[in-house]
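Asker: I'd like to ask some things about the structure below.
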Amino acid sequence: AVAGATGRTGSLVVKELRRRGVNVVALVRSVEKAEEVLLGLQPDETTTAAAAGAGGRGADLTIVQCDLGDPMDIKSAVEGTDASVWCATGFSDGPSSMLDRIKNVLGVALRPKQSIDAVGVVALAEAYAEAAEVGKVNGGEGGGGGGVNGDDSTIEPLLPKVIMLSSAGVTRPSWDDDKKQQLVGAAEIPIVRLNPFGILDIKAEAEDKLRGSGTPYCIFRPGGLNDSWPAGSRPVFSQGDVAVGRINRVDVAKILVDCLSTPEATGKTFEGISAAGYPPSKSIGPALARLSLDAEGGPSSEAVLAMYG
């Protein structure tokens with residue numbers, strides 16, 4: 001499933017998944033808007049949830065109207081899916097009227113605890129945790145993979161169930177003055193200094209809740225999203241929230257989709273920018289394998305300084 005499927009990044013995730021032959025459930029606020037944004041496809045290649053009925057999950061693309069601020073709505077929408085990519089945000093990420101943008105901004109400003117990041121990411125984690133419990137009760141492995149008759153050789157690698165598209169800079173507003181001075185190049189970028197309506201704090205809170213959920217996850221924090229930056233550039237990953245640079249949304253979408261099948265991404269929070277003029281590696285697995293697990297406390301201060309330098 002893709003939450004925020006009509007946004008500029010979310011729609012590219014849908015496109016990339018379908019390019020790889022993966023069936024997609026698009027979670028959207030408006031089916032009409034989703035059809036406008038997502039249908040560069042033939043009509044018979046897409047089905048709405050209402051038309052598909054109970055069997056619609058097997059369709060190439062299923063569009064599901066979903067309130068991303070309603071946990072029960074989210075859990076119902078992702079039932080039967082294998083994993084989800086969260087591309088939604090408290091700010092509108094796709095083409096919309098100025099009035100819609102103002103409403104979204106004011107909604108975050110007036111009700112920060114009800115932003116869709118804080119509510120929706122947690123609901124996705126709970127949905128897959130509950131599905132895993134049902135799988136165990138019914139004699140399955142509950143979504144994590146496992147051995148058959150105790151044979152460890154059949155244990156499948158643990159893949160993320162929830163992949164959250166966050167943002168570089170989410171922790172920087174909370175850095176103390178010494179750290180801001182030490183990492184001034186990362187602390188003084190405009191979005192961090194402005195932190196409009198506390199949106200970075202909201203994303204940081206949602207990250208924390210996902211990390212504590214117990215559901216296999218991955219959190220990706222891209223640098224500055226720039227559609228003019230060369231697509232197809234080599235991603236450069238780091239940890240410690242010190243990344244400063246640009247990356248094309250096309251490359252962000254590919255990374256998010258890659259993470260779905262990359263066990264080295266599971267349980268990790270990391271940033272990414274891209275190096276223009278350098279081709280990407282065949283797999284992001286080796287680069288992610290060098291990163292620290294969140295459960296291990298993340299990278300050391302020395303490692304963060306090295307990545308910053």
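FYI, nothing fancy with the structure tokens labels: chains A, B, ... in order, residues from 1 per chain, ligands from 1 as they appear.
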As a ChimeraX atom specification, which residues of range 113-257 of chain A does DSSP assign to helix (DSSP H, G or I)?
Answerer: /A:113-114,116-137,152-154,172-174,177-182,184-187,190-194,196-211,249-257
Asker: Quick one: residues within 7 Å of range 198-211 of chain A, only C-alpha atoms, excluding same-chain residues fewer than 3 positions away - as a ChimeraX atom specification?
Answerer: /A:112,117-118,121-122,125,166,170-171,195
Asker: Any chance you could tabulate, as JSON lines, the residues of range 211-251 of chain A at most 10 Å from range 297-303 of chain A with each one's nearest atom pair and distance in Å to one decimal, using only C-alpha atoms, in chain and rising number order?
Answerer:
{"residue": "A:Ser238", "atom": "CA", "partner": "A:Pro299", "partner_atom": "CA", "distance": 9.5}
{"residue": "A:Gln239", "atom": "CA", "partner": "A:Pro299", "partner_atom": "CA", "distance": 6.7}
{"residue": "A:Gly240", "atom": "CA", "partner": "A:Pro299", "partner_atom": "CA", "distance": 6.7}
Asker: For Gly245 in chain A, list every protein, DNA or RNA residue within 10 Å, evaluated using only C-alpha atoms, and leave out those in the same chain fewer than 6 positions away; present the list as a PyMOL selection string.
Answerer: chain A and resi 168+186+222-226+236+272-275
Asker: List as a list in words the protein and nucleic acid residues near range 284-290 of chain A, meaning an atom at most 9 Å away when only C-alpha atoms are counted, but skip any in the same chain fewer than 2 places from it.
Answerer: Pro235, Val236, Phe237, Ser238, Ile255, Asp258, Cys259, Thr262, Pro263, Glu264, Ala265, Lys268, Phe270, Pro280, Ser281, Lys282 and Ser292 of chain A
Asker: Write out as number ranges by chain each polymer residue whose atoms come within 10 Å of range 64-78 of chain A, counting only C-alpha atoms; drop sequence neighbours fewer than 3 positions from it.
Answerer: A: 1-4, 25-32, 34, 47-50, 57, 61, 81-84, 88-90, 114-128, 130-131
Asker: If you run DSSP on the backbone, which residues of range 214-254 of chain A are strand (DSSP E or B), as a short mmCIF file (atom, residue, chain, number, x, y, z; two decimals) with C-alpha atoms, in the first residue's frame?
Answerer:
data_model
loop_
_atom_site.label_atom_id
_atom_site.label_comp_id
_atom_site.auth_asym_id
_atom_site.auth_seq_id
_atom_site.Cartn_x
_atom_site.Cartn_y
_atom_site.Cartn_z
CA TYR A 217 10.21 -0.68 9.74
CA CYS A 218 12.57 1.56 7.84
CA ILE A 219 12.72 5.38 8.03
CA PHE A 220 14.23 7.28 5.12
CA ARG A 221 15.06 10.98 5.45
CA PRO A 222 15.88 12.48 2.06
CA GLY A 224 16.31 18.64 -0.30
CA LEU A 225 13.79 17.38 -2.84
CA ARG A 234 24.12 7.65 -6.95
CA PRO A 235 22.53 7.84 -3.49
CA VAL A 236 24.79 8.73 -0.57
CA PHE A 237 23.46 7.44 2.75
CA SER A 238 24.30 8.65 6.24
CA ARG A 246 19.75 17.46 -2.92
CA ILE A 247 18.00 14.47 -4.41
#
Asker: Could you give me, as a ChimeraX atom specification, the residues within 8 Å of range 13-20 of chain A, counting only C-alpha atoms and dropping anything in the same chain fewer than 3 positions from it?
Answerer: /A:2,5,9-10,23-24,26,60-61,253-254,256-257
Asker: Output the selection as a compact mmCIF listing (two decimals), in the first residue's frame - C-alpha atoms for each residue.
Answerer:
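The result, stored in again.txt:
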# COMPACT_ATOMS: atom_id res chain seq x y z
CA VAL A 2 1.09 3.57 -0.62
CA ALA A 5 -0.33 8.12 -3.37
CA THR A 9 6.61 11.60 -4.28
CA GLY A 10 3.82 9.11 -3.58
CA ASN A 23 0.28 -4.77 -7.25
CA VAL A 24 -0.48 -1.49 -5.50
CA ALA A 26 -3.24 3.51 -3.32
CA ASP A 60 -2.77 -4.02 -10.68
CA LEU A 61 -3.77 -0.77 -9.02
CA ALA A 253 10.84 6.76 -4.98
CA LYS A 254 13.30 4.12 -6.17
CA LEU A 256 11.69 3.61 -0.96
CA VAL A 257 10.69 0.76 -3.26
Asker: Could you tell me how far CA of Thr266 in chain A sits from CA of Pro160 in chain A, in Å to one decimal place?
Answerer: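 It comes out at 5.1 Å.
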Asker: Can you list, as a PyMOL selection string, every protein, DNA or RNA residue that comes within 8 Å of Asp251 in chain A when you count only C-alpha atoms, leaving out same-chain residues fewer than 5 positions away?
Answerer: chain A and resi 231-233+235
Asker: Can you work out which one of A:Gly21, A:Gly267, A:Pro157, A:Gly309 has the shortest atom-to-atom distance to Gly185 in chain A, counting only C-alpha atoms?
Answerer: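 Checking each of A:Gly21, A:Gly267, A:Pro157, A:Gly309 against Gly185 in chain A, counting only C-alpha atoms, the winner is A:Gly309.
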Asker: Under the rule that only C-alpha atoms are counted, which of A:Ala243, A:Arg249, A:Tyr308, A:Pro230 is the nearest residue to Tyr278 in chain A?
Answerer: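 Nearest candidate to Tyr278 in chain A out of A:Ala243, A:Arg249, A:Tyr308, A:Pro230: A:Pro230.
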Asker: Expressed in Å to a single decimal, how great is the separation between CA of Asp227 in chain A and CA of Lys33 in chain A?
Answerer: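 CA of Lys33 in chain A lies 21.8 Å from CA of Asp227 in chain A.
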Asker: Enter the distance from CA of Ala129 in chain A to CA of Leu158 in chain A, in Å, rounded to one decimal.
Answerer: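 About the pair CA of Ala129 in chain A and CA of Leu158 in chain A: they are 13.9 Å apart.
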